file model_33.txt (compact mmCIF, C-alpha atoms)
# COMPACT_ATOMS: atom_id res chain seq x y z
CA MET A 1 83.35 53.60 91.22
CA GLY A 2 85.56 51.44 93.43
CA ARG A 3 88.30 50.76 90.89
CA CYS A 4 88.37 53.86 88.69
CA ARG A 5 90.62 56.72 89.62
CA LEU A 6 88.90 59.78 91.07
CA GLY A 7 89.61 63.25 89.79
CA PRO A 8 91.52 65.39 89.15
CA PRO A 9 89.48 68.60 89.44
CA ARG A 10 88.08 69.74 86.11
CA ALA A 11 90.07 72.35 84.23
CA GLN A 12 87.13 74.73 84.58
CA CYS A 13 87.59 74.77 88.34
CA THR A 14 89.74 77.15 90.37
CA VAL A 15 90.76 75.63 93.67
CA ILE A 16 92.20 77.47 96.65
CA GLU A 17 93.21 76.08 100.02
CA LEU A 18 93.13 78.09 103.25
CA ASP A 19 94.02 76.53 106.59
CA GLY A 20 93.31 73.05 105.27
CA ARG A 21 89.91 73.86 103.81
CA PHE A 22 89.21 74.10 100.11
CA SER A 23 87.05 76.47 98.13
CA VAL A 24 86.28 75.58 94.54
CA TYR A 25 84.96 77.93 91.88
CA SER A 26 83.33 76.38 88.84
CA SER A 27 83.33 78.65 85.81
CA GLU A 28 80.66 76.38 84.32
CA SER A 29 78.09 76.94 87.04
CA HIS A 30 79.54 80.28 88.24
CA THR A 31 79.39 78.92 91.77
CA VAL A 32 81.89 78.98 94.63
CA TYR A 33 81.74 75.79 96.71
CA THR A 34 83.22 76.16 100.19
CA LEU A 35 84.06 72.75 101.57
CA ASN A 36 83.94 71.88 105.25
CA ASP A 37 86.72 70.02 107.03
CA SER A 38 85.58 66.51 106.12
CA ALA A 39 84.80 67.37 102.50
CA SER A 40 88.20 69.05 102.28
CA ALA A 41 89.90 65.94 103.61
CA VAL A 42 88.29 63.92 100.83
CA TRP A 43 88.91 66.56 98.16
CA SER A 44 92.61 66.69 98.96
CA LEU A 45 92.91 63.06 97.87
CA LEU A 46 91.05 63.39 94.57
CA ASP A 47 94.03 64.12 92.35
CA GLY A 48 93.42 61.44 89.76
CA THR A 49 95.84 58.93 91.23
CA ARG A 50 93.57 57.09 93.68
CA THR A 51 90.55 54.84 93.45
CA LEU A 52 87.61 55.12 95.83
CA ASP A 53 88.94 52.14 97.78
CA GLU A 54 92.31 53.84 98.13
CA VAL A 55 90.76 57.16 99.17
CA VAL A 56 88.68 55.42 101.83
CA ALA A 57 91.69 53.46 103.05
CA CYS A 58 93.78 56.61 103.25
CA LEU A 59 91.12 58.48 105.25
CA ALA A 60 90.53 55.49 107.53
CA GLU A 61 94.23 55.32 108.31
CA THR A 62 94.50 59.07 108.90
CA TYR A 63 91.49 59.25 111.22
CA GLY A 64 91.79 55.78 112.76
CA THR A 65 88.35 54.78 111.54
CA ASP A 66 86.87 51.60 110.08
CA PRO A 67 86.85 51.95 106.25
CA LEU A 68 83.39 50.42 106.12
CA GLU A 69 82.02 53.27 108.22
CA LEU A 70 83.48 55.85 105.85
CA ARG A 71 82.80 54.33 102.48
CA THR A 72 79.15 55.32 101.98
CA ASP A 73 79.73 58.96 102.96
CA VAL A 74 82.84 59.29 100.80
CA GLU A 75 81.10 57.65 97.86
CA GLN A 76 78.17 60.06 98.17
CA LEU A 77 80.49 63.07 98.46
CA VAL A 78 82.44 62.07 95.37
CA ALA A 79 79.16 61.52 93.50
CA ASP A 80 78.12 65.05 94.49
CA PHE A 81 81.44 66.47 93.24
CA VAL A 82 80.96 64.68 89.92
CA GLU A 83 77.33 65.80 89.64
CA ASP A 84 78.41 69.41 90.31
CA ARG A 85 81.02 68.93 87.58
CA LEU A 86 83.92 69.69 89.88
CA LEU A 87 85.73 66.45 89.13
CA GLU A 88 86.68 64.74 85.90
CA SER A 89 84.46 61.70 85.52
CA HIS A 90 85.93 58.47 84.22
CA GLU A 91 82.64 56.65 83.73
CA MET B 1 81.44 125.06 90.33
CA ARG B 2 82.95 121.93 88.77
CA LEU B 3 84.52 119.30 90.99
CA ARG B 4 86.63 116.65 89.27
CA LEU B 5 86.54 113.60 91.49
CA ALA B 6 88.02 110.12 91.32
CA GLY B 7 86.97 107.21 93.50
CA LEU B 8 87.83 103.54 93.02
CA ASN B 9 89.87 104.64 89.98
CA THR B 10 86.69 105.97 88.38
CA PRO B 11 86.21 109.62 87.36
CA VAL B 12 83.15 111.66 88.24
CA LEU B 13 82.50 115.27 87.29
CA LEU B 14 80.27 117.07 89.79
CA GLU B 15 78.72 120.34 88.58
CA VAL B 16 76.97 122.47 91.19
CA ASP B 17 75.01 125.69 90.59
CA ASP B 18 74.40 126.91 94.13
CA PRO B 19 77.44 128.12 96.10
CA HIS B 20 75.63 127.21 99.33
CA VAL B 21 75.75 123.58 98.17
CA ALA B 22 79.06 123.79 96.33
CA THR B 23 81.12 125.05 99.25
CA PRO B 24 80.33 122.24 101.70
CA LEU B 25 80.50 119.64 98.90
CA ALA B 26 83.94 120.88 97.84
CA ARG B 27 85.17 120.50 101.39
CA LEU B 28 83.51 117.11 101.93
CA PHE B 29 84.89 115.63 98.71
CA ALA B 30 88.35 117.17 99.05
CA ASP B 31 89.90 113.72 99.63
CA LEU B 32 88.49 112.47 96.31
CA VAL B 33 89.48 115.44 94.17
CA SER B 34 91.19 114.22 91.04
CA LYS B 35 94.57 115.77 90.44
CA GLY B 36 95.26 113.76 87.33
CA SER B 37 93.60 113.37 83.98
CA SER B 38 90.37 115.03 82.95
CA PRO B 39 87.36 112.81 83.55
CA GLN B 40 86.02 113.28 80.01
CA ASP B 41 84.70 109.76 79.91
CA GLY B 42 83.47 109.77 83.47
CA THR B 43 80.03 110.15 84.93
CA VAL B 44 78.63 113.68 85.07
CA LEU B 45 76.43 114.52 88.03
CA LYS B 46 74.72 117.88 88.36
CA VAL B 47 73.17 119.70 91.28
CA GLU B 48 70.90 122.31 89.70
CA GLY B 49 68.91 125.15 91.21
CA THR B 50 69.20 127.16 94.37
CA GLY B 51 66.40 125.51 96.32
CA PRO B 52 64.80 123.20 95.68
CA TRP B 53 67.84 121.38 94.34
CA ARG B 54 67.74 118.81 91.55
CA VAL B 55 70.34 116.04 91.40
CA THR B 56 70.66 114.65 87.88
CA GLY B 57 72.88 112.38 85.82
CA ASP B 58 73.72 108.69 85.75
CA ASN B 59 70.04 107.82 85.17
CA ARG B 60 69.08 109.89 88.16
CA ASN B 61 66.70 112.83 88.48
CA ALA B 62 65.63 113.70 92.01
CA SER B 63 64.43 116.94 93.55
CA HIS B 64 65.11 117.88 97.17
CA ALA B 65 63.54 120.64 99.23
CA THR B 66 66.32 120.73 101.82
CA LEU B 67 70.09 121.04 101.79
CA PRO B 68 70.62 118.01 104.07
CA ALA B 69 68.62 115.76 101.73
CA THR B 70 70.61 117.11 98.78
CA MET B 71 73.90 116.38 100.53
CA THR B 72 72.92 112.78 101.24
CA ASP B 73 71.74 112.24 97.67
CA VAL B 74 74.95 113.62 96.17
CA LEU B 75 77.10 111.42 98.41
CA ASN B 76 75.07 108.35 97.43
CA ALA B 77 75.03 109.28 93.73
CA VAL B 78 78.81 109.66 93.60
CA ASN B 79 79.24 106.35 95.43
CA ARG B 80 76.84 104.51 93.14
CA ALA B 81 78.59 105.91 90.06
CA VAL B 82 82.08 104.78 91.08
CA VAL B 83 81.03 101.39 92.47
CA ALA B 84 79.12 100.61 89.28
CA ARG B 85 82.08 101.43 87.02
CA THR B 86 85.16 100.62 89.04
CA PRO B 87 87.87 98.66 87.24
CA LEU B 88 88.98 97.26 90.61
CA LEU B 89 88.12 94.16 92.61
CA ALA B 90 85.94 95.77 95.27
CA PHE B 91 84.23 94.43 98.38
CA HIS B 92 81.75 96.13 100.69
CA ALA B 93 84.07 96.78 103.62
CA ALA B 94 85.72 99.50 105.65
CA VAL B 95 89.51 99.78 105.71
CA VAL B 96 91.84 101.56 108.12
CA THR B 97 95.61 101.41 108.57
CA ARG B 98 98.11 101.68 111.38
CA HIS B 99 101.88 101.19 111.34
CA GLY B 100 101.70 100.27 107.65
CA ARG B 101 99.21 97.44 108.16
CA SER B 102 95.64 97.44 106.90
CA LEU B 103 92.61 96.28 108.83
CA VAL B 104 89.46 95.36 106.93
CA ILE B 105 85.91 95.33 108.31
CA PRO B 106 83.61 93.60 105.82
CA GLY B 107 79.88 93.69 106.38
CA ARG B 108 76.48 94.64 105.14
CA SER B 109 75.08 98.13 105.58
CA GLY B 110 73.98 98.84 109.14
CA ILE B 111 76.36 96.41 110.86
CA GLY B 112 78.36 99.32 112.26
CA LYS B 113 81.33 99.55 109.89
CA THR B 114 81.37 103.33 109.69
CA THR B 115 80.84 103.83 113.42
CA LEU B 116 83.68 101.46 114.22
CA THR B 117 85.81 103.11 111.55
CA ALA B 118 85.26 106.55 113.06
CA CYS B 119 86.14 105.18 116.50
CA LEU B 120 89.33 103.56 115.17
CA LEU B 121 90.28 106.87 113.51
CA ARG B 122 89.84 108.57 116.86
CA ARG B 123 92.24 106.03 118.32
CA GLY B 124 95.04 106.82 115.90
CA TRP B 125 94.26 104.74 112.82
CA ASN B 126 94.37 106.23 109.31
CA TYR B 127 91.43 106.34 106.94
CA VAL B 128 91.26 104.35 103.71
CA SER B 129 87.51 103.86 103.23
CA ASP B 130 84.27 103.20 105.05
CA GLU B 131 82.80 101.66 101.91
CA ALA B 132 85.15 99.52 99.88
CA LEU B 133 88.13 97.25 100.17
CA SER B 134 89.45 97.67 96.64
CA LEU B 135 92.29 95.79 95.02
CA GLU B 136 94.08 95.99 91.69
CA TRP B 137 93.11 92.87 89.76
CA HIS B 138 96.67 92.23 88.53
CA THR B 139 98.75 92.96 91.61
CA GLY B 140 96.32 92.70 94.53
CA SER B 141 97.52 96.11 95.75
CA LEU B 142 95.07 98.11 97.85
CA VAL B 143 93.54 101.28 96.47
CA SER B 144 92.30 104.02 98.79
CA TYR B 145 88.71 105.28 98.53
CA PRO B 146 88.41 107.97 101.22
CA ARG B 147 84.85 109.07 100.56
CA PRO B 148 83.05 111.15 103.23
CA MET B 149 81.68 109.05 106.10
CA ALA B 150 77.98 109.25 106.93
CA LEU B 151 77.29 108.90 110.65
CA SER B 152 73.93 108.91 112.40
CA PRO B 153 73.56 111.17 115.45
CA TRP B 154 73.87 108.03 117.61
CA SER B 155 77.12 107.08 115.85
CA CYS B 156 78.47 110.61 116.25
CA GLY B 157 77.87 110.28 119.97
CA ALA B 158 79.33 106.78 120.08
CA ALA B 159 82.47 108.08 118.38
CA GLY B 160 82.96 110.55 121.18
CA GLY B 161 80.92 113.51 120.03
CA VAL B 162 82.06 114.19 116.49
CA SER B 163 80.04 116.26 114.04
CA GLY B 164 80.12 117.25 110.40
CA VAL B 165 77.97 118.60 107.61
CA ALA B 166 74.30 118.05 108.33
CA ALA B 167 72.70 115.62 105.92
CA ASP B 168 69.47 113.62 105.80
CA GLY B 169 69.35 112.17 109.34
CA GLU B 170 73.11 111.90 109.46
CA HIS B 171 76.34 113.87 109.52
CA LEU B 172 78.92 113.73 106.75
CA LEU B 173 82.55 113.83 107.85
CA ARG B 174 86.04 113.52 106.50
CA ALA B 175 88.90 111.80 108.29
CA VAL B 176 90.32 115.17 109.27
CA ASP B 177 87.07 115.95 111.12
CA VAL B 178 87.86 113.17 113.60
CA GLY B 179 91.53 114.10 113.80
CA ALA B 180 92.77 111.41 111.42
CA ASP B 181 94.79 111.30 108.21
CA VAL B 182 93.91 109.67 104.92
CA ASP B 183 96.23 106.83 103.89
CA ARG B 184 96.52 107.01 100.10
CA THR B 185 98.96 104.13 99.81
CA PRO B 186 97.64 101.56 102.28
CA GLY B 187 99.92 98.70 103.21
CA PRO B 188 99.02 95.03 103.00
CA VAL B 189 95.99 93.65 104.80
CA ARG B 190 96.96 92.00 108.06
CA PHE B 191 93.62 91.88 109.91
CA VAL B 192 90.07 91.08 108.85
CA VAL B 193 87.55 91.96 111.56
CA LEU B 194 84.00 90.61 111.57
CA PRO B 195 81.93 92.81 113.91
CA THR B 196 78.94 91.65 115.93
CA ARG B 197 76.69 94.22 117.54
CA THR B 198 76.19 93.57 121.22
CA PRO B 199 74.59 95.64 124.02
CA TRP B 200 76.37 98.89 124.85
CA GLN B 201 77.05 97.71 128.41
CA GLU B 202 78.83 94.55 127.29
CA HIS B 203 82.59 94.83 127.38
CA PRO B 204 83.96 94.46 123.85
CA SER B 205 86.00 91.38 123.08
CA VAL B 206 88.22 90.16 120.26
CA ALA B 207 88.71 86.51 119.38
CA ARG B 208 90.57 84.80 116.57
CA ILE B 209 88.33 82.91 114.18
CA ASP B 210 88.76 80.57 111.23
CA ARG B 211 90.02 82.55 108.25
CA ASN B 212 87.58 80.65 106.08
CA ASP B 213 84.77 82.52 107.89
CA ALA B 214 86.39 85.78 106.78
CA LEU B 215 86.71 84.40 103.24
CA ALA B 216 83.01 83.52 103.18
CA GLU B 217 82.08 86.98 104.48
CA LEU B 218 84.23 88.76 101.90
CA LEU B 219 82.89 86.65 99.04
CA GLN B 220 79.36 87.58 100.08
CA ARG B 221 80.28 91.28 99.98
CA GLY B 222 81.89 91.43 96.54
CA PHE B 223 80.83 94.41 94.43
CA THR B 224 82.75 93.25 91.36
CA LEU B 225 83.36 89.55 91.99
CA HIS B 226 81.44 88.65 88.84
CA VAL B 227 84.08 90.26 86.61
CA ASP B 228 86.52 87.40 87.27
CA THR B 229 85.39 85.22 90.15
CA ALA B 230 88.30 82.80 89.81
CA ARG B 231 90.86 85.60 90.08
CA ALA B 232 88.89 87.16 92.94
CA LEU B 233 89.01 83.88 94.85
CA VAL B 234 92.77 83.61 94.35
CA LEU B 235 93.41 87.24 95.39
CA THR B 236 91.14 87.04 98.42
CA SER B 237 92.64 83.83 99.70
CA ALA B 238 96.15 85.24 99.21
CA LEU B 239 95.16 88.31 101.20
CA LEU B 240 93.80 86.15 104.02
CA ARG B 241 96.85 83.88 104.13
CA ASN B 242 98.81 86.86 105.44
CA SER B 243 96.08 88.04 107.82
CA ALA B 244 94.50 87.22 111.13
CA ALA B 245 90.71 86.90 111.15
CA LEU B 246 89.06 88.33 114.25
CA ARG B 247 85.50 88.33 115.59
CA VAL B 248 84.76 91.49 117.56
CA ARG B 249 81.81 91.81 119.90
CA LEU B 250 81.33 95.55 119.77
CA GLY B 251 79.52 96.79 122.85
CA ASN B 252 80.59 100.43 123.11
CA PRO B 253 82.36 100.96 119.75
CA LEU B 254 84.88 103.46 121.12
CA VAL B 255 85.95 100.93 123.75
CA ALA B 256 85.91 98.25 121.02
CA ALA B 257 88.35 100.43 119.06
CA ASP B 258 90.68 100.42 122.09
CA VAL B 259 90.40 96.64 122.37
CA ILE B 260 91.07 96.14 118.65
CA THR B 261 94.02 98.53 118.75
CA ALA B 262 95.58 96.70 121.70
CA ALA B 263 94.95 93.28 120.15
CA THR B 264 96.45 94.22 116.78
CA ASP B 265 99.42 96.04 118.32
CA ASP B 266 100.25 92.80 120.12
CA SER B 267 100.16 90.72 116.92

call {"tool": "encode", "arguments": {"input": "model_33.txt", "output": "structure tokens"}}
result
Amino acid sequence: MGRCRLGPPRAQCTVIELDGRFSVYSSESHTVYTLNDSASAVWSLLDGTRTLDEVVACLAETYGTDPLELRTDVEQLVADFVEDRLLESHE
Amino acid sequence: MRLRLAGLNTPVLLEVDDPHVATPLARLFADLVSKGSSPQDGTVLKVEGTGPWRVTGDNRNASHATLPATMTDVLNAVNRAVVARTPLLAFHAAVVTRHGRSLVIPGRSGIGKTTLTACLLRRGWNYVSDEALSLEWHTGSLVSYPRPMALSPWSCGAAGGVSGVAADGEHLLRAVDVGADVDRTPGPVRFVVLPTRTPWQEHPSVARIDRNDALAELLQRGFTLHVDTARALVLTSALLRNSAALRVRLGNPLVAADVITAATDDS
């Protein structure tokens, strides 16, 4: 996953942003996903232009954190988004 | 007597045999009387007999030995009919207005929406609905649904001693019965209030909260979200972007109405 670009959101998804937090409706699963602050921070970067490494680097810089500490959580979150069919998968 | 009603842009024809039932119903539903087209395609509800009274129509057939029980059943039957068929995006919420701004109180039944609504009306707000925040799907404009309010004896006391038509363990009232007007063209939503019941002795308080909490509450209370959930999400978030979300600890609801009024006047 490290080198492929992540996202963008699938066409079947409707995404709204309110005060920095995202809610995503999937017309495939008929489910509204309300993302918390950290999930929203990751989601905002998944526009199809960045790899996992770049997303982690961007978050690490923003929050002043070691990328190694973030990577596992971000990777899992992105995997969840893909499993829930919220993101285009490039695999 | 035939009463042509319209609620949530949905026609209902109410036919009542007994003048002792018809007269109070005509007064109670006066704010929903349809002045426009004939509801030929609408739901027909009938109240038959002169005691006991039978309420029929819309897959309903119930007999009542008392007038109060009949009143409650008719109110609920009309509400069920319009909520089930409304062409609007509707949420379970009360709505009042003041100075052209709408305040929405979403919440499940029993949380105190109608009691707080009655108290706000007593403090100078105008009535839109104690049941539904309803929006046009295309424009997001609010639609008024000023159905009669049903207040328990406790709520009547909490609202400062109001009373109305006796129903089944409750009183049915119109806005005018608490000295308020109906707002038929409510302005944009500017406040979403999430009420929390607290002991009567506790002084009410208002605090700003994350608007995403209000979004989550509204999405849980959607009557017609399933029609177009994506559009509903877009409309609801747009509504909240122009609103403040407030958590209100109720205490004495009439005092809470004062606190809310002061807090929203300051915004």

call {"tool": "interface_residues", "arguments": {"input": "model_33.txt", "of": "chain A", "to": "chain B", "cutoff": "12 Å", "atoms": "all atoms listed in the file", "output": "NGL selection string"}}
result
:A and (11-37)

call {"tool": "closest_residue", "arguments": {"input": "model_33.txt", "among": "A:Leu46, A:Leu6, A:Val56, A:Ala39", "to": "Thr72 of chain A", "atoms": "only C-alpha atoms"}}
result
A:Val56

call {"tool": "residues_near_point", "arguments": {"input": "model_33.txt", "point": "(94.4, 97.8, 99.4)", "cutoff": "12 Å", "atoms": "all atoms listed in the file", "output": "short mmCIF file (atom, residue, chain, number, x, y, z; two decimals) with C-alpha atoms, in the coordinates of the input"}}
result
data_model
loop_
_atom_site.label_atom_id
_atom_site.label_comp_id
_atom_site.auth_asym_id
_atom_site.auth_seq_id
_atom_site.Cartn_x
_atom_site.Cartn_y
_atom_site.Cartn_z
CA LEU B 8 87.83 103.54 93.02
CA LEU B 88 88.98 97.26 90.61
CA LEU B 89 88.12 94.16 92.61
CA ALA B 90 85.94 95.77 95.27
CA PHE B 91 84.23 94.43 98.38
CA ALA B 93 84.07 96.78 103.62
CA ALA B 94 85.72 99.50 105.65
CA VAL B 95 89.51 99.78 105.71
CA VAL B 96 91.84 101.56 108.12
CA THR B 97 95.61 101.41 108.57
CA GLY B 100 101.70 100.27 107.65
CA ARG B 101 99.21 97.44 108.16
CA SER B 102 95.64 97.44 106.90
CA LEU B 103 92.61 96.28 108.83
CA VAL B 104 89.46 95.36 106.93
CA TYR B 127 91.43 106.34 106.94
CA VAL B 128 91.26 104.35 103.71
CA SER B 129 87.51 103.86 103.23
CA ALA B 132 85.15 99.52 99.88
CA LEU B 133 88.13 97.25 100.17
CA SER B 134 89.45 97.67 96.64
CA LEU B 135 92.29 95.79 95.02
CA GLU B 136 94.08 95.99 91.69
CA TRP B 137 93.11 92.87 89.76
CA THR B 139 98.75 92.96 91.61
CA GLY B 140 96.32 92.70 94.53
CA SER B 141 97.52 96.11 95.75
CA LEU B 142 95.07 98.11 97.85
CA VAL B 143 93.54 101.28 96.47
CA SER B 144 92.30 104.02 98.79
CA TYR B 145 88.71 105.28 98.53
CA PRO B 146 88.41 107.97 101.22
CA ASP B 183 96.23 106.83 103.89
CA ARG B 184 96.52 107.01 100.10
CA THR B 185 98.96 104.13 99.81
CA PRO B 186 97.64 101.56 102.28
CA GLY B 187 99.92 98.70 103.21
CA PRO B 188 99.02 95.03 103.00
CA VAL B 189 95.99 93.65 104.80
CA ARG B 190 96.96 92.00 108.06
CA LEU B 235 93.41 87.24 95.39
CA THR B 236 91.14 87.04 98.42
CA LEU B 239 95.16 88.31 101.20
#

call {"tool": "atom_distance", "arguments": {"input": "model_33.txt", "atom1": "atom CA of Arg221 of chain B", "atom2": "atom CA of His92 of chain B"}}
result
5.1 Å

call {"tool": "atom_distance", "arguments": {"input": "model_33.txt", "atom1": "atom CA of Arg174 of chain B", "atom2": "atom CA of Phe223 of chain B"}}
result
23.2 Å

call {"tool": "atom_distance", "arguments": {"input": "model_33.txt", "atom1": "atom CA of Gly112 of chain B", "atom2": "atom CA of Ser243 of chain B"}}
result
21.5 Å
